[in-house]
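**Q** Sending over data36.pdb (PDB, C-alpha atoms).
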MODEL        1
ATOM      1  CA  MET G   1       0.000   0.000   0.000
ATOM      2  CA  ALA G   2       1.242   3.497  -0.844
ATOM      3  CA  THR G   3       2.040   5.415   2.300
ATOM      4  CA  SER G   4       3.754   8.568   1.080
ATOM      5  CA  PRO G   5       2.597  11.477   3.230
ATOM      6  CA  VAL G   6       1.482  14.223   0.850
ATOM      7  CA  LYS G   7       1.766  14.083  -2.907
ATOM      8  CA  GLN G   8       1.690  17.315  -4.809
ATOM      9  CA  ALA G   9       1.108  17.250  -8.518
ATOM     10  CA  SER G  10       1.405  20.391 -10.578
ATOM     11  CA  VAL G  11      -0.408  20.463 -13.888
ATOM     12  CA  SER G  12      -0.937  23.566 -15.996
ATOM     13  CA  GLY G  13      -0.661  25.901 -13.071
ATOM     14  CA  HIS G  14      -2.993  24.009 -10.735
ATOM     15  CA  ASN G  15      -1.621  22.378  -7.652
ATOM     16  CA  ILE G  16      -3.569  19.316  -6.726
ATOM     17  CA  HIS G  17      -2.982  17.895  -3.293
ATOM     18  CA  LEU G  18      -3.641  14.233  -2.734
ATOM     19  CA  ASP G  19      -3.181  13.072   0.810
ATOM     20  CA  ASP G  20      -2.772   9.528   1.984
ATOM     21  CA  ILE G  21      -6.526   8.995   2.428
ATOM     22  CA  ASP G  22      -7.211  10.173  -1.140
ATOM     23  CA  ARG G  23      -4.559   7.780  -2.366
ATOM     24  CA  ARG G  24      -6.167   4.904  -0.504
ATOM     25  CA  ILE G  25      -9.559   5.773  -1.994
ATOM     26  CA  ILE G  26      -7.957   5.747  -5.460
ATOM     27  CA  GLN G  27      -6.230   2.466  -4.739
ATOM     28  CA  THR G  28      -9.488   0.880  -3.578
ATOM     29  CA  THR G  29     -11.556   2.112  -6.548
ATOM     30  CA  GLN G  30      -9.135   2.115  -9.507
ATOM     31  CA  SER G  31     -10.343  -1.297 -10.665
ATOM     32  CA  GLY G  32     -13.989  -0.351 -10.231
ATOM     33  CA  LEU G  33     -16.794   0.601  -7.877
ATOM     34  CA  PRO G  34     -18.187  -2.219  -5.664
ATOM     35  CA  LEU G  35     -21.419  -3.654  -7.076
ATOM     36  CA  VAL G  36     -23.297  -3.581  -3.786
ATOM     37  CA  SER G  37     -26.214  -1.549  -2.506
ATOM     38  CA  ARG G  38     -24.018   0.876  -0.529
ATOM     39  CA  PRO G  39     -20.712   0.954  -2.460
ATOM     40  CA  TYR G  40     -19.269   3.979  -0.655
ATOM     41  CA  ASP G  41     -19.764   2.204   2.691
ATOM     42  CA  ASP G  42     -17.574  -0.634   1.372
ATOM     43  CA  ILE G  43     -14.859   1.795   0.314
ATOM     44  CA  ALA G  44     -15.152   3.589   3.659
ATOM     45  CA  ARG G  45     -14.581   0.325   5.540
ATOM     46  CA  ASP G  46     -11.470  -0.453   3.467
ATOM     47  CA  VAL G  47     -10.029   3.012   3.963
ATOM     48  CA  GLY G  48     -11.083   3.390   7.604
ATOM     49  CA  ILE G  49     -13.182   6.566   7.314
ATOM     50  CA  SER G  50     -16.913   7.333   7.067
ATOM     51  CA  ALA G  51     -18.921   6.922   3.858
ATOM     52  CA  ASP G  52     -19.729  10.643   4.011
ATOM     53  CA  GLU G  53     -16.039  11.450   3.953
ATOM     54  CA  VAL G  54     -15.471   9.072   1.025
ATOM     55  CA  MET G  55     -18.231  10.814  -0.942
ATOM     56  CA  MET G  56     -16.961  14.266   0.015
ATOM     57  CA  ARG G  57     -13.411  13.432  -1.045
ATOM     58  CA  MET G  58     -14.551  11.845  -4.312
ATOM     59  CA  HIS G  59     -16.680  14.920  -4.961
ATOM     60  CA  ASN G  60     -13.620  17.122  -4.422
ATOM     61  CA  MET G  61     -11.563  14.929  -6.759
ATOM     62  CA  GLN G  62     -14.286  15.375  -9.393
ATOM     63  CA  GLN G  63     -14.165  19.150  -8.909
ATOM     64  CA  SER G  64     -10.384  19.216  -9.351
ATOM     65  CA  GLY G  65     -10.483  16.883 -12.370
ATOM     66  CA  ILE G  66      -8.579  14.005 -10.741
ATOM     67  CA  ILE G  67     -11.786  12.021 -11.331
ATOM     68  CA  ARG G  68     -13.042  12.752 -14.853
ATOM     69  CA  ARG G  69     -16.351  11.118 -13.991
ATOM     70  CA  ILE G  70     -17.828   8.047 -12.342
ATOM     71  CA  ALA G  71     -19.213   5.991 -15.190
ATOM     72  CA  ALA G  72     -19.390   2.819 -17.218
ATOM     73  CA  VAL G  73     -16.650   2.460 -19.827
ATOM     74  CA  PRO G  74     -17.824   0.469 -22.831
ATOM     75  CA  ASN G  75     -15.569  -1.955 -24.646
ATOM     76  CA  HIS G  76     -16.130  -0.430 -28.064
ATOM     77  CA  TYR G  77     -15.098  -3.604 -29.937
ATOM     78  CA  ALA G  78     -17.729  -5.607 -28.045
ATOM     79  CA  LEU G  79     -20.348  -2.982 -28.918
ATOM     80  CA  GLY G  80     -19.653  -3.368 -32.626
ATOM     81  CA  TYR G  81     -17.455  -0.285 -33.053
ATOM     82  CA  LYS G  82     -14.758  -2.041 -35.052
ATOM     83  CA  ALA G  83     -13.446   0.891 -37.112
ATOM     84  CA  ASN G  84     -11.324   2.959 -34.751
ATOM     85  CA  GLY G  85      -9.509   5.734 -36.506
ATOM     86  CA  MET G  86      -6.959   8.219 -35.280
ATOM     87  CA  THR G  87      -7.697  11.282 -37.387
ATOM     88  CA  VAL G  88      -4.872  13.817 -37.631
ATOM     89  CA  TRP G  89      -5.104  17.368 -38.911
ATOM     90  CA  ASP G  90      -2.783  20.194 -39.861
ATOM     91  CA  VAL G  91      -4.490  23.350 -38.605
ATOM     92  CA  PRO G  92      -3.093  26.855 -37.957
ATOM     93  CA  ASP G  93      -1.354  27.026 -34.567
ATOM     94  CA  ASP G  94      -2.998  30.335 -33.663
ATOM     95  CA  ARG G  95      -6.469  28.799 -34.158
ATOM     96  CA  ILE G  96      -5.873  25.350 -32.697
ATOM     97  CA  ASP G  97      -7.439  25.877 -29.257
ATOM     98  CA  GLU G  98     -10.733  27.079 -30.708
ATOM     99  CA  LEU G  99     -10.756  24.370 -33.382
ATOM    100  CA  GLY G 100      -9.751  21.659 -30.894
ATOM    101  CA  GLU G 101     -12.647  22.565 -28.603
ATOM    102  CA  ARG G 102     -15.100  22.395 -31.504
ATOM    103  CA  VAL G 103     -13.810  19.052 -32.810
ATOM    104  CA  GLY G 104     -13.695  17.642 -29.255
ATOM    105  CA  ALA G 105     -17.342  18.621 -28.773
ATOM    106  CA  LEU G 106     -18.451  16.325 -31.607
ATOM    107  CA  LYS G 107     -20.353  13.326 -30.195
ATOM    108  CA  PHE G 108     -18.347  10.709 -32.074
ATOM    109  CA  VAL G 109     -14.915  12.033 -30.988
ATOM    110  CA  SER G 110     -13.614  10.251 -27.874
ATOM    111  CA  HIS G 111     -10.239  11.964 -27.446
ATOM    112  CA  CYS G 112      -9.016  15.248 -28.881
ATOM    113  CA  TYR G 113      -5.523  16.627 -28.306
ATOM    114  CA  HIS G 114      -3.034  19.195 -29.513
ATOM    115  CA  ARG G 115       0.301  17.444 -30.129
ATOM    116  CA  PRO G 116       3.498  18.763 -31.730
ATOM    117  CA  ARG G 117       4.304  18.417 -35.422
ATOM    118  CA  CYS G 118       7.515  16.576 -36.355
ATOM    119  CA  LEU G 119       8.463  18.322 -39.584
ATOM    120  CA  PRO G 120       9.038  17.405 -42.343
ATOM    121  CA  ASP G 121       7.757  13.865 -41.748
ATOM    122  CA  TRP G 122       4.674  14.707 -39.693
ATOM    123  CA  PRO G 123       2.777  17.956 -40.394
ATOM    124  CA  TYR G 124      -0.264  17.253 -38.169
ATOM    125  CA  ASN G 125      -0.911  19.016 -34.855
ATOM    126  CA  LEU G 126      -4.537  18.084 -33.983
ATOM    127  CA  PHE G 127      -5.396  14.480 -33.074
ATOM    128  CA  ALA G 128      -9.007  13.227 -32.751
ATOM    129  CA  MET G 129     -10.077   9.615 -32.220
ATOM    130  CA  VAL G 130     -13.277   8.499 -33.949
ATOM    131  CA  HIS G 131     -15.180   5.255 -33.493
ATOM    132  CA  ALA G 132     -17.538   3.712 -36.026
ATOM    133  CA  HIS G 133     -19.054   0.371 -36.938
ATOM    134  CA  THR G 134     -17.511   0.273 -40.404
ATOM    135  CA  HIS G 135     -14.666   1.799 -42.362
ATOM    136  CA  GLU G 136     -17.114   3.767 -44.537
ATOM    137  CA  GLU G 137     -18.934   5.138 -41.523
ATOM    138  CA  ALA G 138     -15.583   6.252 -40.066
ATOM    139  CA  LEU G 139     -14.639   8.027 -43.295
ATOM    140  CA  GLU G 140     -18.013   9.769 -43.190
ATOM    141  CA  LEU G 141     -17.142  11.056 -39.700
ATOM    142  CA  VAL G 142     -13.783  12.274 -41.028
ATOM    143  CA  SER G 143     -15.533  14.295 -43.708
ATOM    144  CA  ARG G 144     -17.801  15.825 -41.068
ATOM    145  CA  ILE G 145     -14.708  17.010 -39.163
ATOM    146  CA  ALA G 146     -13.263  18.327 -42.446
ATOM    147  CA  ASP G 147     -16.498  20.262 -43.068
ATOM    148  CA  LEU G 148     -16.340  21.760 -39.598
ATOM    149  CA  LEU G 149     -12.709  22.846 -40.053
ATOM    150  CA  GLY G 150     -13.330  24.265 -43.535
ATOM    151  CA  GLY G 151     -10.376  26.293 -44.747
ATOM    152  CA  ASP G 152      -8.449  25.625 -41.532
ATOM    153  CA  ASP G 153      -7.973  22.000 -42.685
ATOM    154  CA  ARG G 154      -4.620  22.303 -44.458
ATOM    155  CA  GLY G 155      -4.259  18.537 -44.736
ATOM    156  CA  HIS G 156      -5.402  15.467 -42.845
ATOM    157  CA  ASP G 157      -5.048  11.710 -42.621
ATOM    158  CA  VAL G 158      -6.708   8.760 -40.828
ATOM    159  CA  LEU G 159      -4.814   5.896 -39.238
ATOM    160  CA  PHE G 160      -6.930   2.832 -38.501
ATOM    161  CA  SER G 161      -5.754   0.434 -35.840
ATOM    162  CA  THR G 162      -5.159  -3.017 -37.298
ATOM    163  CA  ARG G 163      -3.814  -4.867 -34.263
ATOM    164  CA  ILE G 164      -3.454  -4.361 -30.524
ATOM    165  CA  LEU G 165       0.191  -5.196 -29.813
ATOM    166  CA  LYS G 166       0.022  -4.480 -26.083
ATOM    167  CA  LYS G 167      -2.635  -3.303 -23.680
ATOM    168  CA  THR G 168      -2.010  -3.327 -19.974
ATOM    169  CA  GLY G 169      -4.358  -1.809 -17.454
ATOM    170  CA  MET G 170      -2.563   1.237 -16.102
ATOM    171  CA  ARG G 171      -2.263   0.834 -12.351
ATOM    172  CA  LEU G 172      -2.278   4.335 -10.940
ATOM    173  CA  ILE G 173      -1.273   3.435  -7.422
ATOM    174  CA  SER G 174      -0.015   0.004  -6.448
TER     175      SER G 174
ATOM    176  CA  MET T   1     -26.796 -10.781 -26.715
ATOM    177  CA  MET T   2     -27.719  -7.387 -25.338
ATOM    178  CA  ASP T   3     -31.374  -6.543 -24.985
ATOM    179  CA  GLU T   4     -33.063  -3.149 -24.748
ATOM    180  CA  LEU T   5     -32.555  -2.921 -20.986
ATOM    181  CA  ASP T   6     -28.804  -3.631 -21.322
ATOM    182  CA  ARG T   7     -28.538  -0.858 -23.907
ATOM    183  CA  LYS T   8     -30.445   1.539 -21.698
ATOM    184  CA  ILE T   9     -28.221   0.749 -18.720
ATOM    185  CA  ILE T  10     -25.048   1.293 -20.778
ATOM    186  CA  ASN T  11     -26.311   4.587 -22.185
ATOM    187  CA  VAL T  12     -27.410   5.899 -18.788
ATOM    188  CA  LEU T  13     -24.264   4.816 -16.927
ATOM    189  CA  GLN T  14     -21.880   6.214 -19.545
ATOM    190  CA  SER T  15     -22.858   9.722 -18.592
ATOM    191  CA  GLY T  16     -22.303   9.451 -14.854
ATOM    192  CA  PHE T  17     -23.180   7.937 -11.499
ATOM    193  CA  PRO T  18     -24.247   9.622  -8.244
ATOM    194  CA  LEU T  19     -22.271  10.026  -5.031
ATOM    195  CA  SER T  20     -25.040   9.035  -2.631
ATOM    196  CA  ASN T  21     -25.711   6.390   0.003
ATOM    197  CA  GLU T  22     -27.667   4.062  -2.292
ATOM    198  CA  PRO T  23     -26.656   5.139  -5.791
ATOM    199  CA  TYR T  24     -27.755   1.951  -7.585
ATOM    200  CA  ALA T  25     -31.253   2.224  -6.098
ATOM    201  CA  GLU T  26     -31.355   5.885  -7.171
ATOM    202  CA  VAL T  27     -30.382   5.149 -10.783
ATOM    203  CA  ALA T  28     -32.601   2.031 -10.931
ATOM    204  CA  ALA T  29     -35.624   4.058  -9.785
ATOM    205  CA  GLN T  30     -35.015   6.583 -12.586
ATOM    206  CA  MET T  31     -34.978   3.700 -15.061
ATOM    207  CA  GLY T  32     -38.028   1.982 -13.607
ATOM    208  CA  ILE T  33     -36.211  -1.185 -12.544
ATOM    209  CA  THR T  34     -35.121  -2.601  -9.190
ATOM    210  CA  GLU T  35     -31.734  -2.073  -7.602
ATOM    211  CA  THR T  36     -31.052  -5.833  -7.727
ATOM    212  CA  GLU T  37     -31.877  -5.948 -11.418
ATOM    213  CA  LEU T  38     -29.481  -3.070 -12.141
ATOM    214  CA  ILE T  39     -26.624  -4.600 -10.148
ATOM    215  CA  THR T  40     -27.149  -8.044 -11.713
ATOM    216  CA  ARG T  41     -27.226  -6.630 -15.242
ATOM    217  CA  LEU T  42     -24.167  -4.495 -14.598
ATOM    218  CA  GLN T  43     -22.254  -7.513 -13.266
ATOM    219  CA  GLY T  44     -23.259  -9.451 -16.404
ATOM    220  CA  LEU T  45     -22.087  -6.677 -18.748
ATOM    221  CA  LEU T  46     -18.722  -6.569 -16.956
ATOM    222  CA  ASP T  47     -18.392 -10.380 -16.915
ATOM    223  CA  ASN T  48     -19.024 -10.708 -20.649
ATOM    224  CA  LYS T  49     -16.706  -7.744 -21.355
ATOM    225  CA  THR T  50     -19.347  -5.523 -22.935
ATOM    226  CA  LEU T  51     -18.143  -2.964 -20.410
ATOM    227  CA  SER T  52     -14.410  -2.725 -19.779
ATOM    228  CA  ARG T  53     -14.948  -1.156 -16.368
ATOM    229  CA  PHE T  54     -17.371   0.681 -14.134
ATOM    230  CA  GLY T  55     -16.305   3.264 -11.576
ATOM    231  CA  PRO T  56     -14.309   6.465 -11.193
ATOM    232  CA  MET T  57     -12.192   7.365 -14.239
ATOM    233  CA  TYR T  58      -9.010   8.897 -12.911
ATOM    234  CA  ASP T  59      -6.866  11.393 -14.839
ATOM    235  CA  ALA T  60      -3.454   9.848 -14.234
ATOM    236  CA  GLN T  61      -1.620  12.936 -15.459
ATOM    237  CA  LYS T  62      -3.289  15.137 -12.844
ATOM    238  CA  MET T  63      -2.013  12.650 -10.269
ATOM    239  CA  GLY T  64       1.543  13.475 -11.218
ATOM    240  CA  GLY T  65       2.446  10.934 -13.916
ATOM    241  CA  SER T  66       3.976  11.677 -17.313
ATOM    242  CA  PHE T  67       2.618  10.343 -20.577
ATOM    243  CA  SER T  68       3.461  10.490 -24.219
ATOM    244  CA  LEU T  69       2.251   9.071 -27.502
ATOM    245  CA  VAL T  70       5.137   7.798 -29.592
ATOM    246  CA  ALA T  71       5.288   6.581 -33.195
ATOM    247  CA  ILE T  72       7.818   4.623 -35.253
ATOM    248  CA  GLN T  73       7.969   3.808 -38.969
ATOM    249  CA  VAL T  74       8.850   0.128 -38.798
ATOM    250  CA  PRO T  75       9.950  -1.777 -41.915
ATOM    251  CA  GLU T  76       7.468  -4.641 -42.411
ATOM    252  CA  GLU T  77      10.138  -7.350 -42.150
ATOM    253  CA  ASP T  78      11.312  -6.020 -38.764
ATOM    254  CA  PHE T  79       7.859  -5.536 -37.300
ATOM    255  CA  ASP T  80       7.795  -8.520 -34.947
ATOM    256  CA  THR T  81      11.309  -7.876 -33.638
ATOM    257  CA  VAL T  82      10.596  -4.195 -32.978
ATOM    258  CA  THR T  83       7.269  -5.079 -31.326
ATOM    259  CA  GLU T  84       9.144  -7.366 -28.964
ATOM    260  CA  VAL T  85      11.650  -4.646 -28.060
ATOM    261  CA  VAL T  86       9.010  -1.941 -27.511
ATOM    262  CA  ASN T  87       6.649  -4.212 -25.555
ATOM    263  CA  SER T  88       9.483  -5.319 -23.258
ATOM    264  CA  TYR T  89       9.352  -1.975 -21.428
ATOM    265  CA  SER T  90       6.979  -1.918 -18.462
ATOM    266  CA  GLU T  91       6.618   1.832 -19.150
ATOM    267  CA  VAL T  92       4.887   1.027 -22.462
ATOM    268  CA  ALA T  93       1.208   0.751 -21.508
ATOM    269  CA  HIS T  94      -0.462   0.396 -24.916
ATOM    270  CA  ASN T  95       0.909  -0.388 -28.333
ATOM    271  CA  TYR T  96      -1.130  -0.406 -31.560
ATOM    272  CA  GLN T  97      -0.358  -1.320 -35.130
ATOM    273  CA  ARG T  98      -1.883   1.162 -37.598
ATOM    274  CA  ASP T  99      -2.291   1.041 -41.384
ATOM    275  CA  HIS T 100       0.115   3.866 -42.213
ATOM    276  CA  LYS T 101       3.795   4.540 -42.938
ATOM    277  CA  PHE T 102       3.889   5.380 -39.208
ATOM    278  CA  ASN T 103       2.715   1.877 -38.368
ATOM    279  CA  MET T 104       3.530   1.549 -34.663
ATOM    280  CA  TRP T 105       1.961   3.823 -32.017
ATOM    281  CA  TYR T 106       2.518   3.325 -28.311
ATOM    282  CA  VAL T 107       1.840   5.165 -25.071
ATOM    283  CA  ILE T 108       4.592   5.564 -22.482
ATOM    284  CA  ALA T 109       3.621   6.194 -18.854
ATOM    285  CA  THR T 110       6.321   7.139 -16.363
ATOM    286  CA  GLU T 111       6.610   9.017 -13.101
ATOM    287  CA  THR T 112       8.654  11.910 -14.542
ATOM    288  CA  PRO T 113       9.030  13.554 -17.982
ATOM    289  CA  VAL T 114      12.767  12.754 -18.012
ATOM    290  CA  GLN T 115      12.019   9.023 -17.987
ATOM    291  CA  ILE T 116       9.955   9.351 -21.193
ATOM    292  CA  GLY T 117      13.047  10.583 -23.013
ATOM    293  CA  GLU T 118      15.168   7.825 -21.495
ATOM    294  CA  VAL T 119      12.835   5.060 -22.695
ATOM    295  CA  ASN T 120      12.629   6.634 -26.167
ATOM    296  CA  ARG T 121      16.417   6.941 -26.513
ATOM    297  CA  ASP T 122      16.830   3.357 -25.373
ATOM    298  CA  ILE T 123      14.299   2.127 -27.944
ATOM    299  CA  GLU T 124      16.046   4.163 -30.680
ATOM    300  CA  GLN T 125      19.389   2.609 -29.799
ATOM    301  CA  ARG T 126      18.069  -0.935 -29.676
ATOM    302  CA  THR T 127      16.008  -0.730 -32.887
ATOM    303  CA  GLY T 128      18.076   1.736 -34.912
ATOM    304  CA  LEU T 129      14.797   3.464 -35.845
ATOM    305  CA  LYS T 130      13.829   7.101 -35.352
ATOM    306  CA  VAL T 131      11.294   7.565 -32.595
ATOM    307  CA  TYR T 132       8.716  10.372 -32.979
ATOM    308  CA  ASN T 133       7.532  11.769 -29.670
ATOM    309  CA  PHE T 134       4.079  13.379 -29.529
ATOM    310  CA  PRO T 135       3.476  14.592 -25.973
ATOM    311  CA  LYS T 136       0.090  16.154 -25.335
ATOM    312  CA  LEU T 137       0.267  19.963 -25.526
ATOM    313  CA  ALA T 138      -3.431  20.539 -24.811
ATOM    314  CA  GLU T 139      -6.387  18.311 -24.110
ATOM    315  CA  TYR T 140      -9.740  19.402 -25.563
ATOM    316  CA  PHE T 141     -11.853  16.373 -24.772
ATOM    317  CA  VAL T 142     -11.565  12.913 -23.265
ATOM    318  CA  GLY T 143     -14.557  10.677 -22.793
ATOM    319  CA  LEU T 144     -16.092   7.881 -24.718
ATOM    320  CA  GLN T 145     -19.871   8.038 -24.908
ATOM    321  CA  LEU T 146     -21.052   5.672 -27.580
ATOM    322  CA  PRO T 147     -24.763   5.317 -28.200
ATOM    323  CA  VAL T 148     -25.622   1.597 -28.224
TER     324      VAL T 148
ENDMDL
END
Reformat the file's structure so that it appears as structure tokens.

**A**
Amino acid sequence: MATSPVKQASVSGHNIHLDDIDRRIIQTTQSGLPLVSRPYDDIARDVGISADEVMMRMHNMQQSGIIRRIAAVPNHYALGYKANGMTVWDVPDDRIDELGERVGALKFVSHCYHRPRCLPDWPYNLFAMVHAHTHEEALELVSRIADLLGGDDRGHDVLFSTRILKKTGMRLIS
Amino acid sequence: MMDELDRKIINVLQSGFPLSNEPYAEVAAQMGITETELITRLQGLLDNKTLSRFGPMYDAQKMGGSFSLVAIQVPEEDFDTVTEVVNSYSEVAHNYQRDHKFNMWYVIATETPVQIGEVNRDIEQRTGLKVYNFPKLAEYFVGLQLPV
């Protein structure tokens, strides 16, 4: 069990403090929420605090973004989404934040990031993952992103995954 | 096979889950089913891998870790050998083959940014291939909500 006293993480100007109790809550829940009537009571027993405190701390972690949300994560292959494309775009650097927000807001985009170009081999700076049932449906989604970007789309490409070579569950705290 | 209720449960639970004393009962009531039915269905969807997980989704980077997406252009005849080298690092969390000149894409997760560079340099030396590092500069959206 992790027992470091206070961990301070600094990300984009925000200091997020996780104390030992937060870390134990994370450790207890990183593989999932207990499927019992009162799940936060179970976590509270493991951590040695009250259920109210568990809920309060998880609420605070949601506010600070440590917890993105509490939710079900679908296995998109099992749900028939077999065409998973990484779409990449060359857009003007001075417009990328606005464009990234708009592309990220599209329902069918699961991840949207600004990443650096590696010129001359790699001109693309905006990455957006799309998920579709078929190749054609995925290409249709790509053209919808292209329409949205209009003249700011100075070139794009789609890379479909063909094989998972490695996938390990990331253990956040062991 | 999934039925209508399974689909409804997946769609509802993708968007969030309450922090309350009896959250399953609360969500079940909104859906017009019993708490036991919801928990049983949810267990089934996890057991048959329709759902990969259910619970808090943590942002590992906000917890202090470092991550990067890395790509290599691997000659087809060397693909298996390079896969073996790249996958041998515990810091490599995911690795995907993609249908592109840049045909190998992997995610490195380490405790510090310096270690990302160390793993990349090591992989370059062992494979003799140029490694392209694409660290995240800004995140606009993360979250998979697929209608089913």

**Q** Give me the result of the ChimeraX specification (/T :<7) & /G on this file, residue by residue, as a PDB file with C-alpha atoms, keeping the file's coordinate frame.

**A**
ATOM      1  CA  ALA G   9       1.108  17.250  -8.518  1.00  0.00           C
ATOM      2  CA  SER G  10       1.405  20.391 -10.578  1.00  0.00           C
ATOM      3  CA  VAL G  11      -0.408  20.463 -13.888  1.00  0.00           C
ATOM      4  CA  THR G  29     -11.556   2.112  -6.548  1.00  0.00           C
ATOM      5  CA  GLN G  30      -9.135   2.115  -9.507  1.00  0.00           C
ATOM      6  CA  GLY G  32     -13.989  -0.351 -10.231  1.00  0.00           C
ATOM      7  CA  LEU G  33     -16.794   0.601  -7.877  1.00  0.00           C
ATOM      8  CA  LEU G  35     -21.419  -3.654  -7.076  1.00  0.00           C
ATOM      9  CA  SER G  37     -26.214  -1.549  -2.506  1.00  0.00           C
ATOM     10  CA  ARG G  38     -24.018   0.876  -0.529  1.00  0.00           C
ATOM     11  CA  TYR G  40     -19.269   3.979  -0.655  1.00  0.00           C
ATOM     12  CA  MET G  55     -18.231  10.814  -0.942  1.00  0.00           C
ATOM     13  CA  ILE G  66      -8.579  14.005 -10.741  1.00  0.00           C
ATOM     14  CA  ILE G  67     -11.786  12.021 -11.331  1.00  0.00           C
ATOM     15  CA  ARG G  68     -13.042  12.752 -14.853  1.00  0.00           C
ATOM     16  CA  ARG G  69     -16.351  11.118 -13.991  1.00  0.00           C
ATOM     17  CA  ILE G  70     -17.828   8.047 -12.342  1.00  0.00           C
ATOM     18  CA  ALA G  71     -19.213   5.991 -15.190  1.00  0.00           C
ATOM     19  CA  ALA G  72     -19.390   2.819 -17.218  1.00  0.00           C
ATOM     20  CA  VAL G  73     -16.650   2.460 -19.827  1.00  0.00           C
ATOM     21  CA  PRO G  74     -17.824   0.469 -22.831  1.00  0.00           C
ATOM     22  CA  ASN G  75     -15.569  -1.955 -24.646  1.00  0.00           C
ATOM     23  CA  ALA G  78     -17.729  -5.607 -28.045  1.00  0.00           C
ATOM     24  CA  LEU G  79     -20.348  -2.982 -28.918  1.00  0.00           C
ATOM     25  CA  GLY G 100      -9.751  21.659 -30.894  1.00  0.00           C
ATOM     26  CA  GLU G 101     -12.647  22.565 -28.603  1.00  0.00           C
ATOM     27  CA  GLY G 104     -13.695  17.642 -29.255  1.00  0.00           C
ATOM     28  CA  SER G 110     -13.614  10.251 -27.874  1.00  0.00           C
ATOM     29  CA  HIS G 111     -10.239  11.964 -27.446  1.00  0.00           C
ATOM     30  CA  CYS G 112      -9.016  15.248 -28.881  1.00  0.00           C
ATOM     31  CA  TYR G 113      -5.523  16.627 -28.306  1.00  0.00           C
ATOM     32  CA  HIS G 114      -3.034  19.195 -29.513  1.00  0.00           C
ATOM     33  CA  ARG G 115       0.301  17.444 -30.129  1.00  0.00           C
ATOM     34  CA  PRO G 116       3.498  18.763 -31.730  1.00  0.00           C
ATOM     35  CA  LEU G 159      -4.814   5.896 -39.238  1.00  0.00           C
ATOM     36  CA  PHE G 160      -6.930   2.832 -38.501  1.00  0.00           C
ATOM     37  CA  SER G 161      -5.754   0.434 -35.840  1.00  0.00           C
ATOM     38  CA  THR G 162      -5.159  -3.017 -37.298  1.00  0.00           C
ATOM     39  CA  ARG G 163      -3.814  -4.867 -34.263  1.00  0.00           C
ATOM     40  CA  ILE G 164      -3.454  -4.361 -30.524  1.00  0.00           C
ATOM     41  CA  LEU G 165       0.191  -5.196 -29.813  1.00  0.00           C
ATOM     42  CA  LYS G 166       0.022  -4.480 -26.083  1.00  0.00           C
ATOM     43  CA  LYS G 167      -2.635  -3.303 -23.680  1.00  0.00           C
ATOM     44  CA  THR G 168      -2.010  -3.327 -19.974  1.00  0.00           C
ATOM     45  CA  MET G 170      -2.563   1.237 -16.102  1.00  0.00           C
ATOM     46  CA  LEU G 172      -2.278   4.335 -10.940  1.00  0.00           C
TER      47      LEU G 172
END

**Q** Calculate how many Å separate CA of Asp52 (chain G) from CA of Ser31 (chain G), rounding to one decimal.

**A**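 We find that CA of Asp52 (chain G) and CA of Ser31 (chain G) lie 21.1 Å from each other.
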
**Q** Between CA of Val74 (chain T) and CA of Leu129 (chain T), what is the distance, to one decimal in Å?

**A**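 Computed distance, CA of Val74 (chain T) to CA of Leu129 (chain T), equals 7.4 Å.
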
**Q** Quote the spacing between CA of His17 (chain G) and CA of Met58 (chain G) in Å to one decimal place.

**A** 13.1 Å

**Q** Once the PyMOL selection byres ((chain G and resi 86-89) around 7) has been applied to the shown file, what residues remain in the selection, as a PyMOL selection string?

**A** chain G and resi 84-85+90-91+124-130+153+155-160
